[in-house]
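One file, coords.cif, carrying mmCIF, C-alpha atoms:
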data_protein
#
loop_
_atom_site.label_atom_id
_atom_site.label_comp_id
_atom_site.auth_asym_id
_atom_site.auth_seq_id
_atom_site.Cartn_x
_atom_site.Cartn_y
_atom_site.Cartn_z
CA MET Q 1 13.00 -55.87 -59.76
CA ASN Q 2 10.20 -58.44 -59.96
CA LEU Q 3 11.51 -61.84 -59.02
CA ASN Q 4 9.93 -65.10 -60.08
CA VAL Q 5 10.91 -68.75 -60.29
CA ASN Q 6 12.95 -68.15 -63.44
CA SER Q 7 14.71 -64.99 -62.26
CA VAL Q 8 17.74 -66.47 -60.51
CA ASP Q 9 19.93 -65.02 -63.24
CA SER Q 10 18.42 -61.56 -62.83
CA LEU Q 11 18.98 -61.66 -59.08
CA VAL Q 12 22.64 -62.67 -59.53
CA THR Q 13 23.13 -59.96 -62.15
CA GLU Q 14 21.55 -57.32 -59.91
CA ILE Q 15 23.72 -58.30 -56.91
CA GLN Q 16 26.92 -58.43 -58.95
CA GLY Q 17 26.20 -55.10 -60.60
CA LEU Q 18 25.37 -53.24 -57.39
CA SER Q 19 28.12 -54.44 -55.03
CA GLY Q 20 30.70 -51.81 -55.88
CA SER Q 21 30.35 -48.31 -54.47
CA SER Q 22 28.59 -47.51 -51.19
CA GLN Q 23 25.77 -45.79 -53.15
CA ASP Q 24 25.24 -48.89 -55.27
CA VAL Q 25 25.19 -51.15 -52.21
CA ALA Q 26 22.64 -48.89 -50.49
CA HIS Q 27 20.46 -49.09 -53.60
CA LEU Q 28 20.89 -52.87 -53.69
CA ASN Q 29 19.72 -53.04 -50.09
CA ASN Q 30 16.49 -51.26 -51.03
CA VAL Q 31 15.96 -53.61 -53.99
CA LEU Q 32 16.51 -56.69 -51.86
CA LYS Q 33 14.16 -55.40 -49.16
CA GLN Q 34 11.39 -55.10 -51.76
CA SER Q 35 12.07 -58.66 -52.97
CA GLU Q 36 12.64 -60.15 -49.52
CA ASP Q 37 9.35 -62.06 -49.29
CA VAL Q 38 9.83 -63.65 -52.71
CA ILE Q 39 13.42 -64.69 -51.89
CA ARG Q 40 12.28 -66.25 -48.63
CA TYR Q 41 9.28 -67.99 -50.20
CA GLN Q 42 11.39 -69.45 -53.00
CA ALA Q 43 14.55 -70.01 -50.91
CA ALA Q 44 15.17 -73.47 -52.38
CA THR Q 45 15.23 -72.00 -55.88
CA PHE Q 46 17.43 -69.03 -55.06
CA ALA Q 47 19.88 -71.17 -53.05
CA SER Q 48 21.76 -71.83 -56.29
CA CYS Q 49 22.74 -68.12 -56.27
CA LEU Q 50 25.20 -68.80 -53.47
CA THR Q 51 27.52 -70.78 -55.73
CA ARG Q 52 27.65 -67.89 -58.20
CA LEU Q 53 28.33 -65.11 -55.70
CA ASP Q 54 31.55 -64.18 -53.94
CA PRO Q 55 30.71 -63.73 -50.22
CA SER Q 56 33.62 -61.33 -49.73
CA VAL Q 57 32.52 -59.04 -52.62
CA HIS Q 58 28.76 -59.60 -52.84
CA SER Q 59 28.25 -59.82 -49.06
CA LEU Q 60 24.89 -58.04 -48.86
CA GLY Q 61 23.18 -60.08 -51.57
CA TYR Q 62 24.78 -63.28 -50.31
CA LEU Q 63 23.46 -62.47 -46.82
CA TYR Q 64 19.85 -62.01 -47.99
CA VAL Q 65 19.85 -65.37 -49.79
CA LEU Q 66 21.72 -67.20 -47.02
CA GLU Q 67 19.34 -65.88 -44.37
CA ALA Q 68 16.35 -67.09 -46.43
CA CYS Q 69 17.94 -70.53 -46.90
CA THR Q 70 18.57 -70.98 -43.17
CA ALA Q 71 15.23 -69.61 -41.96
CA GLY Q 72 13.16 -72.80 -42.22
CA PRO Q 73 13.41 -76.09 -40.30
CA ILE Q 74 16.66 -77.92 -41.01
CA PRO Q 75 16.98 -81.70 -40.43
CA GLU Q 76 20.06 -82.88 -38.52
CA PRO Q 77 21.82 -84.50 -41.53
CA GLN Q 78 21.54 -81.24 -43.49
CA ALA Q 79 22.70 -79.14 -40.53
CA ASP Q 80 26.28 -80.33 -40.89
CA GLU Q 81 26.38 -79.32 -44.58
CA LEU Q 82 24.98 -75.87 -43.87
CA ILE Q 83 27.50 -74.94 -41.17
CA LEU Q 84 30.45 -74.69 -43.58
CA PRO Q 85 29.03 -71.97 -45.91
CA VAL Q 86 27.76 -69.99 -42.91
CA VAL Q 87 31.17 -70.11 -41.20
CA ARG Q 88 32.94 -69.14 -44.44
CA PHE Q 89 30.57 -66.22 -44.98
CA ILE Q 90 31.12 -64.88 -41.45
CA ASP Q 91 34.86 -65.10 -41.96
CA VAL Q 92 35.13 -63.25 -45.31
CA CYS Q 93 32.06 -60.99 -45.49
CA ASN Q 94 32.41 -57.24 -45.97
CA VAL Q 95 31.73 -55.34 -42.74
CA GLU Q 96 30.23 -52.21 -44.37
CA GLN Q 97 27.77 -54.28 -46.42
CA ILE Q 98 26.51 -56.59 -43.66
CA ARG Q 99 25.91 -53.66 -41.32
CA LEU Q 100 23.24 -52.43 -43.74
CA ALA Q 101 21.28 -55.58 -42.83
CA SER Q 102 22.60 -56.27 -39.34
CA ASP Q 103 19.36 -57.95 -38.25
CA LYS Q 104 19.79 -60.57 -40.98
CA PHE Q 105 23.45 -61.07 -40.12
CA ILE Q 106 22.51 -61.63 -36.48
CA SER Q 107 19.78 -64.04 -37.58
CA VAL Q 108 22.28 -66.11 -39.62
CA CYS Q 109 24.74 -66.18 -36.71
CA LYS Q 110 22.05 -67.27 -34.29
CA ARG Q 111 21.09 -69.98 -36.76
CA LEU Q 112 24.70 -71.18 -36.68
CA HIS Q 113 24.42 -71.33 -32.89
CA GLU Q 114 21.29 -73.47 -33.20
CA LEU Q 115 22.94 -75.79 -35.76
CA VAL Q 116 25.99 -76.54 -33.60
CA MET Q 117 23.69 -77.17 -30.65
CA ILE Q 118 21.70 -79.67 -32.74
CA LEU Q 119 24.94 -81.46 -33.64
CA ASN Q 120 26.27 -81.15 -30.08
CA ALA Q 121 29.40 -79.50 -31.46
CA PRO Q 122 29.61 -76.06 -29.76
CA MET Q 123 33.35 -75.78 -30.48
CA ARG Q 124 32.58 -75.22 -34.17
CA ALA Q 125 30.82 -71.92 -33.42
CA VAL Q 126 33.35 -70.40 -30.98
CA GLY Q 127 35.67 -68.79 -33.56
CA PRO Q 128 32.96 -67.74 -36.06
CA LEU Q 129 30.78 -66.09 -33.40
CA LEU Q 130 33.75 -64.16 -31.99
CA THR Q 131 34.52 -62.93 -35.52
CA ALA Q 132 30.85 -62.02 -36.01
CA ILE Q 133 30.80 -59.97 -32.80
CA HIS Q 134 33.82 -57.95 -33.86
CA LYS Q 135 32.28 -57.31 -37.29
CA ILE Q 136 28.84 -56.25 -36.09
CA GLN Q 137 29.93 -54.39 -32.93
CA PRO Q 138 30.01 -50.58 -33.39
CA SER Q 139 32.51 -50.30 -30.51
CA PRO Q 140 33.92 -52.54 -27.74
CA GLU Q 141 31.49 -50.84 -25.33
CA HIS Q 142 28.45 -52.08 -27.26
CA LEU Q 143 26.67 -55.30 -26.25
CA THR Q 144 25.38 -57.21 -29.28
CA PRO Q 145 22.70 -59.95 -29.38
CA LEU Q 146 25.52 -62.37 -30.26
CA HIS Q 147 27.45 -61.95 -27.00
CA PRO Q 148 25.26 -64.39 -25.00
CA ASP Q 149 25.36 -67.01 -27.78
CA PHE Q 150 29.15 -66.77 -27.98
CA LEU Q 151 29.59 -67.11 -24.22
CA GLN Q 152 27.22 -70.08 -24.13
CA VAL Q 153 29.14 -72.06 -26.76
CA CYS Q 154 32.40 -71.17 -24.96
CA LEU Q 155 30.94 -72.59 -21.77
CA LEU Q 156 29.78 -75.79 -23.44
CA ALA Q 157 33.08 -76.21 -25.28
CA LYS Q 158 35.02 -75.31 -22.11
CA CYS Q 159 36.84 -72.54 -23.99
CA TYR Q 160 36.90 -70.31 -20.91
CA LYS Q 161 39.96 -68.30 -21.90
CA ILE Q 162 38.50 -67.28 -25.27
CA GLY Q 163 35.18 -66.45 -23.63
CA TYR Q 164 36.90 -64.30 -21.04
CA SER Q 165 38.54 -62.22 -23.78
CA ILE Q 166 35.31 -60.28 -24.45
CA LEU Q 167 34.54 -59.85 -20.75
CA GLU Q 168 37.50 -57.51 -20.32
CA ASP Q 169 35.65 -54.71 -22.16
CA ASP Q 170 33.45 -52.35 -20.15
CA ILE Q 171 29.93 -52.57 -21.61
CA CYS Q 172 28.09 -49.24 -21.63
CA GLU Q 173 25.62 -49.65 -24.53
CA VAL Q 174 22.82 -52.24 -24.20
CA ASP Q 175 19.94 -52.64 -26.66
CA GLN Q 176 18.00 -55.55 -25.10
CA PRO Q 177 17.83 -56.18 -21.32
CA ARG Q 178 17.66 -59.96 -21.84
CA ASP Q 179 20.97 -59.90 -23.70
CA PHE Q 180 22.53 -58.09 -20.75
CA PHE Q 181 21.16 -60.59 -18.22
CA LEU Q 182 22.45 -63.56 -20.25
CA TYR Q 183 25.79 -61.87 -20.97
CA CYS Q 184 26.45 -61.32 -17.27
CA TYR Q 185 25.16 -64.77 -16.26
CA TYR Q 186 27.16 -66.74 -18.82
CA GLY Q 187 30.11 -64.40 -18.28
CA GLY Q 188 30.04 -65.11 -14.56
CA MET Q 189 30.14 -68.84 -15.26
CA ILE Q 190 33.07 -68.34 -17.65
CA CYS Q 191 34.93 -66.50 -14.87
CA ILE Q 192 34.21 -69.35 -12.46
CA GLY Q 193 35.78 -71.72 -14.98
CA GLN Q 194 38.83 -69.43 -15.04
CA LYS Q 195 38.87 -69.15 -11.22
CA ARG Q 196 38.42 -65.39 -11.59
CA PHE Q 197 35.94 -65.16 -8.74
CA ALA Q 198 36.14 -61.39 -8.26
CA LYS Q 199 35.03 -60.77 -11.86
CA ALA Q 200 32.36 -63.49 -11.57
CA LEU Q 201 31.02 -61.78 -8.47
CA GLU Q 202 30.85 -58.46 -10.31
CA LEU Q 203 28.90 -59.97 -13.22
CA PHE Q 204 26.40 -61.85 -11.03
CA HIS Q 205 25.98 -58.66 -8.97
CA ASN Q 206 25.09 -56.81 -12.19
CA VAL Q 207 22.31 -59.32 -12.91
CA VAL Q 208 20.90 -59.21 -9.38
CA THR Q 209 20.86 -55.40 -9.17
CA ALA Q 210 19.81 -54.65 -12.76
CA PRO Q 211 16.46 -52.86 -13.23
CA MET Q 212 13.58 -55.31 -13.66
CA SER Q 213 9.81 -54.97 -13.50
CA THR Q 214 9.13 -58.70 -13.10
CA MET Q 215 11.18 -61.55 -11.68
CA ASN Q 216 13.05 -63.68 -14.21
CA ALA Q 217 14.75 -67.07 -14.03
CA ILE Q 218 18.14 -65.67 -15.07
CA ALA Q 219 18.24 -63.34 -12.05
CA VAL Q 220 17.25 -66.18 -9.72
CA GLU Q 221 20.02 -68.48 -10.99
CA ALA Q 222 22.51 -65.62 -10.90
CA TYR Q 223 21.59 -64.86 -7.28
CA LYS Q 224 22.21 -68.49 -6.28
CA LYS Q 225 25.66 -68.39 -7.83
CA TYR Q 226 26.26 -64.92 -6.38
CA ILE Q 227 25.78 -66.38 -2.89
CA LEU Q 228 28.11 -69.31 -3.57
CA VAL Q 229 30.86 -67.23 -5.18
CA SER Q 230 30.66 -64.70 -2.31
CA LEU Q 231 31.32 -67.50 0.16
CA ILE Q 232 34.15 -68.96 -1.93
CA HIS Q 233 35.90 -65.67 -2.69
CA LEU Q 234 35.03 -63.36 0.20
CA ARG Q 235 34.43 -66.09 2.84
CA GLN Q 236 31.21 -64.27 3.75
CA PHE Q 237 27.85 -63.22 2.34
CA SER Q 238 25.68 -60.19 3.04
CA ALA Q 239 21.94 -60.72 2.58
CA ASN Q 240 21.37 -56.96 2.29
CA PHE Q 241 20.74 -55.62 -1.21
CA PRO Q 242 22.21 -52.31 -2.43
CA LYS Q 243 19.72 -49.43 -2.48
CA TYR Q 244 19.66 -49.34 -6.27
CA THR Q 245 18.37 -52.93 -6.50
CA SER Q 246 14.84 -53.14 -7.90
CA SER Q 247 12.03 -53.69 -5.40
CA VAL Q 248 10.99 -56.81 -7.34
CA ALA Q 249 14.40 -58.40 -6.77
CA GLN Q 250 14.53 -57.40 -3.11
CA ARG Q 251 11.12 -58.92 -2.43
CA ASN Q 252 11.49 -62.20 -4.31
CA LEU Q 253 15.08 -63.35 -4.83
CA LYS Q 254 15.57 -64.75 -1.33
CA ASN Q 255 12.30 -66.69 -1.52
CA PHE Q 256 13.40 -68.41 -4.75
CA SER Q 257 16.87 -69.16 -3.34
CA GLN Q 258 16.07 -70.30 0.19
CA PRO Q 259 18.42 -73.34 0.33
CA TYR Q 260 21.34 -71.11 -0.72
CA VAL Q 261 20.47 -68.40 1.82
CA GLU Q 262 20.33 -71.07 4.53
CA LEU Q 263 23.67 -72.44 3.32
CA ALA Q 264 25.18 -68.97 3.80
CA ASN Q 265 23.67 -68.79 7.30
CA SER Q 266 25.18 -72.17 8.16
CA TYR Q 267 28.54 -71.02 6.77
CA SER Q 268 28.54 -67.91 8.94
CA THR Q 269 28.50 -70.03 12.13
CA GLY Q 270 31.97 -71.38 11.29
CA ASN Q 271 30.91 -74.92 12.25
CA ILE Q 272 32.23 -77.22 9.52
CA SER Q 273 30.27 -80.24 10.77
CA GLU Q 274 27.01 -78.32 10.67
CA LEU Q 275 27.79 -77.04 7.15
CA LYS Q 276 28.61 -80.54 5.87
CA ALA Q 277 25.40 -81.92 7.39
CA TYR Q 278 23.34 -79.22 5.68
CA VAL Q 279 25.01 -79.85 2.32
CA GLN Q 280 24.43 -83.59 2.67
CA ALA Q 281 20.75 -83.08 3.52
CA ASN Q 282 20.21 -80.78 0.51
CA GLN Q 283 22.58 -82.43 -1.95
CA GLU Q 284 19.81 -83.33 -4.40
CA ARG Q 285 18.61 -79.71 -4.56
CA PHE Q 286 22.09 -78.40 -5.28
CA GLU Q 287 22.69 -81.15 -7.83
CA ASN Q 288 19.43 -80.40 -9.65
CA GLY Q 289 20.49 -76.76 -9.87
CA ASN Q 290 23.89 -77.77 -11.32
CA ASN Q 291 25.57 -76.05 -8.39
CA LEU Q 292 26.90 -79.01 -6.38
CA GLY Q 293 30.47 -78.39 -7.59
CA LEU Q 294 30.36 -74.80 -6.32
CA VAL Q 295 28.79 -75.94 -3.05
CA LYS Q 296 31.71 -78.32 -2.50
CA GLN Q 297 34.08 -75.40 -3.09
CA VAL Q 298 32.13 -73.47 -0.43
CA VAL Q 299 32.81 -76.28 2.07
CA SER Q 300 36.50 -76.23 1.14
CA SER Q 301 36.59 -72.44 1.52
CA MET Q 302 35.45 -72.73 5.14
CA TYR Q 303 38.64 -74.63 5.95
CA LYS Q 304 40.60 -71.85 4.26
CA ARG Q 305 38.64 -69.18 6.11
CA ASN Q 306 39.50 -70.82 9.44
CA ILE Q 307 43.19 -71.03 8.42
CA GLN Q 308 43.18 -67.38 7.31
CA ARG Q 309 41.89 -66.30 10.71
CA LEU Q 310 44.80 -68.09 12.37
CA THR Q 311 47.25 -65.82 10.49
CA GLN Q 312 45.80 -62.86 12.39
CA THR Q 313 46.67 -64.45 15.75
CA TYR Q 314 49.76 -66.61 15.33
CA LEU Q 315 53.23 -66.20 13.80
CA THR Q 316 54.06 -69.91 13.85
CA LEU Q 317 51.83 -72.94 14.24
CA SER Q 318 52.21 -76.67 13.67
CA LEU Q 319 50.24 -78.44 10.97
CA GLN Q 320 48.66 -80.56 13.69
CA ASP Q 321 47.46 -77.45 15.55
CA ILE Q 322 46.11 -75.98 12.31
CA ALA Q 323 44.22 -79.23 11.63
CA ASN Q 324 42.74 -79.24 15.14
CA THR Q 325 41.77 -75.56 15.17
CA ALA Q 326 40.38 -75.46 11.62
CA HIS Q 327 38.52 -78.79 12.06
CA ILE Q 328 40.60 -80.53 9.36
CA ASN Q 329 40.89 -84.30 9.51
CA THR Q 330 44.68 -84.73 9.23
CA PRO Q 331 47.85 -82.60 9.25
CA LYS Q 332 48.49 -83.74 5.66
CA GLU Q 333 45.12 -82.32 4.57
CA ALA Q 334 45.89 -79.12 6.48
CA GLU Q 335 49.20 -78.87 4.61
CA MET Q 336 47.37 -79.24 1.29
CA HIS Q 337 45.01 -76.35 2.15
CA VAL Q 338 47.91 -74.15 3.30
CA LEU Q 339 49.86 -74.83 0.09
CA GLU Q 340 46.82 -74.00 -2.05
CA MET Q 341 46.34 -70.72 -0.19
CA ILE Q 342 50.02 -69.82 -0.60
CA GLU Q 343 49.83 -70.59 -4.33
CA ASP Q 344 46.70 -68.44 -4.73
CA GLY Q 345 48.29 -65.56 -2.82
CA GLU Q 346 45.68 -65.69 -0.04
CA ILE Q 347 48.29 -66.06 2.70
CA TYR Q 348 52.07 -65.73 2.91
CA ALA Q 349 53.77 -68.56 4.76
CA THR Q 350 56.55 -71.14 4.72
CA ILE Q 351 56.32 -74.78 5.83
CA ASN Q 352 59.23 -76.51 7.54
CA GLN Q 353 59.00 -80.12 6.36
CA LYS Q 354 61.27 -81.40 9.16
CA ASP Q 355 59.14 -80.39 12.15
CA GLY Q 356 55.83 -79.64 10.39
CA MET Q 357 55.79 -76.01 11.52
CA VAL Q 358 54.12 -73.24 9.50
CA ARG Q 359 55.50 -69.71 9.72
CA PHE Q 360 53.12 -66.93 8.66
CA LEU Q 361 54.70 -63.95 6.89
CA GLU Q 362 53.77 -60.38 5.97
CA ASP Q 363 52.74 -59.46 2.44
CA PRO Q 364 56.06 -59.12 0.57
CA GLU Q 365 54.65 -56.72 -2.04
CA GLN Q 366 56.34 -53.32 -1.72
CA TYR Q 367 54.21 -51.68 -4.45
CA LYS Q 368 57.25 -50.27 -6.21
CA THR Q 369 57.98 -52.81 -8.94
CA CYS Q 370 57.52 -51.91 -12.62
CA GLU Q 371 54.71 -54.45 -12.93
CA MET Q 372 52.81 -53.00 -9.98
CA ILE Q 373 53.25 -49.43 -11.22
CA GLU Q 374 51.93 -50.44 -14.64
CA HIS Q 375 48.97 -52.19 -12.99
CA ILE Q 376 48.12 -49.13 -10.89
CA ASP Q 377 48.48 -46.85 -13.90
CA SER Q 378 46.18 -48.99 -16.06
CA SER Q 379 43.59 -49.04 -13.25
CA ILE Q 380 43.71 -45.24 -12.98
CA GLN Q 381 43.36 -44.88 -16.76
CA ARG Q 382 40.35 -47.22 -16.76
CA ILE Q 383 38.68 -45.28 -13.92
CA MET Q 384 39.27 -41.96 -15.70
CA LYS Q 385 37.76 -43.39 -18.90
CA LEU Q 386 34.72 -44.68 -17.03
CA SER Q 387 34.32 -41.35 -15.24
CA LYS Q 388 34.33 -39.49 -18.55
CA LYS Q 389 31.81 -41.95 -19.97
CA LEU Q 390 29.50 -41.54 -16.97
CA THR Q 391 29.66 -37.75 -17.30
CA THR Q 392 28.69 -38.01 -20.98
CA MET Q 393 25.82 -40.39 -20.18
CA ASP Q 394 24.63 -38.13 -17.37
CA GLU Q 395 24.58 -35.09 -19.65
CA SER Q 396 22.74 -37.06 -22.34
CA LEU Q 397 20.15 -38.31 -19.85
CA SER Q 398 19.58 -34.85 -18.40
CA CYS Q 399 18.48 -33.69 -21.87
CA ASP Q 400 16.26 -36.68 -22.62
CA PRO Q 401 12.60 -35.57 -23.04
CA LEU Q 402 11.19 -38.79 -21.53
CA TYR Q 403 13.40 -38.47 -18.47
CA LEU Q 404 12.58 -34.78 -18.01
CA SER Q 405 8.83 -35.41 -18.28
CA LYS Q 406 9.05 -38.20 -15.69
CA VAL Q 407 11.08 -36.01 -13.32
CA GLY Q 408 8.52 -33.23 -13.84
CA ARG Q 409 5.70 -35.54 -12.80
CA GLU Q 410 7.66 -36.73 -9.78
CA ARG Q 411 8.46 -33.17 -8.66
CA GLN Q 412 4.74 -32.39 -8.42
CA ARG Q 413 4.41 -35.03 -5.70
CA PHE Q 414 6.95 -33.33 -3.40
CA ASP Q 415 7.69 -29.91 -1.99
CA PHE Q 416 11.21 -28.97 -2.99
CA ASP Q 417 11.30 -25.57 -1.24
CA ASP Q 418 13.67 -26.96 1.38
CA PHE Q 419 16.15 -27.94 -1.28
CA ASP Q 420 16.50 -24.62 -3.10
CA ASN Q 421 19.94 -24.00 -1.60
CA VAL Q 422 21.32 -27.39 -2.56
CA PRO Q 423 23.68 -27.17 -5.55
CA GLN Q 424 22.29 -29.01 -8.58
CA LYS Q 425 25.66 -30.00 -10.02
CA PHE Q 426 29.14 -30.45 -8.69
CA ASN Q 427 32.16 -29.88 -10.89
CA LEU Q 428 34.99 -32.06 -9.65
#

Give the structure from the file, written as structure tokens.
Amino acid sequence: MNLNVNSVDSLVTEIQGLSGSSQDVAHLNNVLKQSEDVIRYQAATFASCLTRLDPSVHSLGYLYVLEACTAGPIPEPQADELILPVVRFIDVCNVEQIRLASDKFISVCKRLHELVMILNAPMRAVGPLLTAIHKIQPSPEHLTPLHPDFLQVCLLAKCYKIGYSILEDDICEVDQPRDFFLYCYYGGMICIGQKRFAKALELFHNVVTAPMSTMNAIAVEAYKKYILVSLIHLRQFSANFPKYTSSVAQRNLKNFSQPYVELANSYSTGNISELKAYVQANQERFENGNNLGLVKQVVSSMYKRNIQRLTQTYLTLSLQDIANTAHINTPKEAEMHVLEMIEDGEIYATINQKDGMVRFLEDPEQYKTCEMIEHIDSSIQRIMKLSKKLTTMDESLSCDPLYLSKVGRERQRFDFDDFDNVPQKFNL
């Protein structure tokens, strides 16, 4: 089909006629690919096609024209008008058709992300981008280029609960490393907003230990937050990297995060006055890194760490004694920290309001309730699923020609005679 300025009708006719069977749609995709440059060059002319096409029926053709119309620079007043047709298209489009041109669908969705950022209205993209992810995602294990954009708008709109919904899936398929870095970084921040520090720690850990050939800013920022969340959640931080961490990260991350490493060192002394003095002296640095809020939580966690240590020594203790031992200003403030820890399940205790005495208790969980059994069972099922997935990935990798050629080159550098008796594979 040769398109020209006067061929809007022919384009509409072609799209309407070839949007039925899967064979017709595949043929339409080839036709549109051949005419792609013309559609893009004359986007203003072909924009009128959108009013004559049904996005739920003619999704592929609608997508080609919509992508061309949103490709160029868009002034702020026009941005608001363009959001509505994009959102409607994402909502009603046919999944099978858009997957034939997934790169264009992703481009349109990313354009929506840009438009809401221009208008400072991230909330408007939260629902559409979540819908787009579900439509373009081959499986829940697959990370799409839209995941980071979705998590970012959730962060800006403070929709932490919706953002967390996609973090519950175990990601095993990654196309672009940058998408993975951003997914874990934004995901970690979403978890902080939800006070799910264990999950946040896991995601930041994934960024820090991910393979990388050069240092990147995302890993540096993730490492800073990894230190802070470790102190808040675990009440400690280990500066040692796991063996599988890239050499680039091991050499450089600490150098780029020196104030945070020193904060962890100050925290480890247990001296609250020294920690506060360090935070005060470096407040501007932490503020410039948008981490001052987390740093303040680190200071608060030291009080809780000191209280938690008391539970290992005493059965009962007055609020005044807790305040004195944990370096807390007043018994009332000590009571506030104890109540917060009881509410969060960090300690088990009762407070006698008459005499101000705190009685520390044992963990009441007997691990025999229906809820606990269901929790344990779901954890076992998840581990079994991950184990099966790892076995499949291992078998796939062991047959990969690139991997085998690399291993072959590496073997030539070593003498493996001493390892002939070592079994090559264990069947568990």

Task: Who sits within 10 Å of range 288-290 of chain Q, all atoms listed in the file, same chain under 5 positions skipped, as a PyMOL selection string - done: chain Q and resi 221+224+283+295

- [ ] Can you turn the PyMOL selection byres ((chain Q and resi 171-184) around 9) into a concrete residue list for this file, as a count of residues only?
- [x] 35

Open item on the list: Can you tell me which residues surround range 261-270 of chain Q at a distance of at most 12 Å, considering all atoms listed in the file, apart from same-chain residues fewer than 2 positions away, and format the answer as a ChimeraX atom specification?
Closed with: /Q:223-232,234-240,253-259,272-283,285-286,294-296,298-307,309,325-327

Residues just named, written with C-alpha atoms as a tab-separated table (two decimals), keeping the file's coordinate frame:
chain	number	residue	atom	x	y	z
Q	223	TYR	CA	21.59	-64.86	-7.28
Q	224	LYS	CA	22.21	-68.49	-6.28
Q	225	LYS	CA	25.66	-68.39	-7.83
Q	226	TYR	CA	26.26	-64.92	-6.38
Q	227	ILE	CA	25.78	-66.38	-2.89
Q	228	LEU	CA	28.11	-69.31	-3.57
Q	229	VAL	CA	30.86	-67.23	-5.18
Q	230	SER	CA	30.66	-64.70	-2.31
Q	231	LEU	CA	31.32	-67.50	0.16
Q	232	ILE	CA	34.15	-68.96	-1.93
Q	234	LEU	CA	35.03	-63.36	0.20
Q	235	ARG	CA	34.43	-66.09	2.84
Q	236	GLN	CA	31.21	-64.27	3.75
Q	237	PHE	CA	27.85	-63.22	2.34
Q	238	SER	CA	25.68	-60.19	3.04
Q	239	ALA	CA	21.94	-60.72	2.58
Q	240	ASN	CA	21.37	-56.96	2.29
Q	253	LEU	CA	15.08	-63.35	-4.83
Q	254	LYS	CA	15.57	-64.75	-1.33
Q	255	ASN	CA	12.30	-66.69	-1.52
Q	256	PHE	CA	13.40	-68.41	-4.75
Q	257	SER	CA	16.87	-69.16	-3.34
Q	258	GLN	CA	16.07	-70.30	0.19
Q	259	PRO	CA	18.42	-73.34	0.33
Q	272	ILE	CA	32.23	-77.22	9.52
Q	273	SER	CA	30.27	-80.24	10.77
Q	274	GLU	CA	27.01	-78.32	10.67
Q	275	LEU	CA	27.79	-77.04	7.15
Q	276	LYS	CA	28.61	-80.54	5.87
Q	277	ALA	CA	25.40	-81.92	7.39
Q	278	TYR	CA	23.34	-79.22	5.68
Q	279	VAL	CA	25.01	-79.85	2.32
Q	280	GLN	CA	24.43	-83.59	2.67
Q	281	ALA	CA	20.75	-83.08	3.52
Q	282	ASN	CA	20.21	-80.78	0.51
Q	283	GLN	CA	22.58	-82.43	-1.95
Q	285	ARG	CA	18.61	-79.71	-4.56
Q	286	PHE	CA	22.09	-78.40	-5.28
Q	294	LEU	CA	30.36	-74.80	-6.32
Q	295	VAL	CA	28.79	-75.94	-3.05
Q	296	LYS	CA	31.71	-78.32	-2.50
Q	298	VAL	CA	32.13	-73.47	-0.43
Q	299	VAL	CA	32.81	-76.28	2.07
Q	300	SER	CA	36.50	-76.23	1.14
Q	301	SER	CA	36.59	-72.44	1.52
Q	302	MET	CA	35.45	-72.73	5.14
Q	303	TYR	CA	38.64	-74.63	5.95
Q	304	LYS	CA	40.60	-71.85	4.26
Q	305	ARG	CA	38.64	-69.18	6.11
Q	306	ASN	CA	39.50	-70.82	9.44
Q	307	ILE	CA	43.19	-71.03	8.42
Q	309	ARG	CA	41.89	-66.30	10.71
Q	325	THR	CA	41.77	-75.56	15.17
Q	326	ALA	CA	40.38	-75.46	11.62
Q	327	HIS	CA	38.52	-78.79	12.06

Open item on the list: Taking 6 positions as the minimum chain separation for residues in the same chain, which residues sit within 10 Å of Pro331 in chain Q when counting only C-alpha atoms? Answer as a ChimeraX atom specification.
Closed with: /Q:318-324,337,356

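Between Lys161 in chain Q and the candidates Q:Thr131, Q:Gln194, Q:Ser59, Q:Thr350, the tightest atom-to-atom separation, counting all atoms listed in the file, involves Q:Gln194.
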
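Counting from CA of Leu156 in chain Q, the distance to CA of Cys93 in chain Q is 26.7 Å.
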
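Counting all atoms listed in the file, the residue from Q:Ile74, Q:Leu317, Q:Leu339, Q:Ala217 that sits nearest to Asp355 in chain Q is Q:Leu317.
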
Open item on the list: Which residues would end up in the selection if the PyMOL selection byres ((chain Q and resi 248) around 10) were applied here, given that I need the answer as a VMD selection string?
Closed with: chain Q and resid 211 to 216 245 to 247 249 to 253

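Picked out by the PyMOL selection byres ((chain Q and resi 363) around 8) when it runs on this file: Ile347, Tyr348, Leu361, Glu362, Pro364 and Glu365 of chain Q.
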
Can you write out the residues you just picked, keeping C-alpha atoms, as a compact mmCIF listing (two decimals), keeping the file's coordinate frame?
# COMPACT_ATOMS: atom_id res chain seq x y z
CA ILE Q 347 48.29 -66.06 2.70
CA TYR Q 348 52.07 -65.73 2.91
CA LEU Q 361 54.70 -63.95 6.89
CA GLU Q 362 53.77 -60.38 5.97
CA PRO Q 364 56.06 -59.12 0.57
CA GLU Q 365 54.65 -56.72 -2.04

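In this model, the gap between CA of Cys191 in chain Q and CA of Cys154 in chain Q comes to 11.4 Å.
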
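Relative to CA of Phe197 in chain Q, CA of Thr209 in chain Q is found at 18.0 Å.
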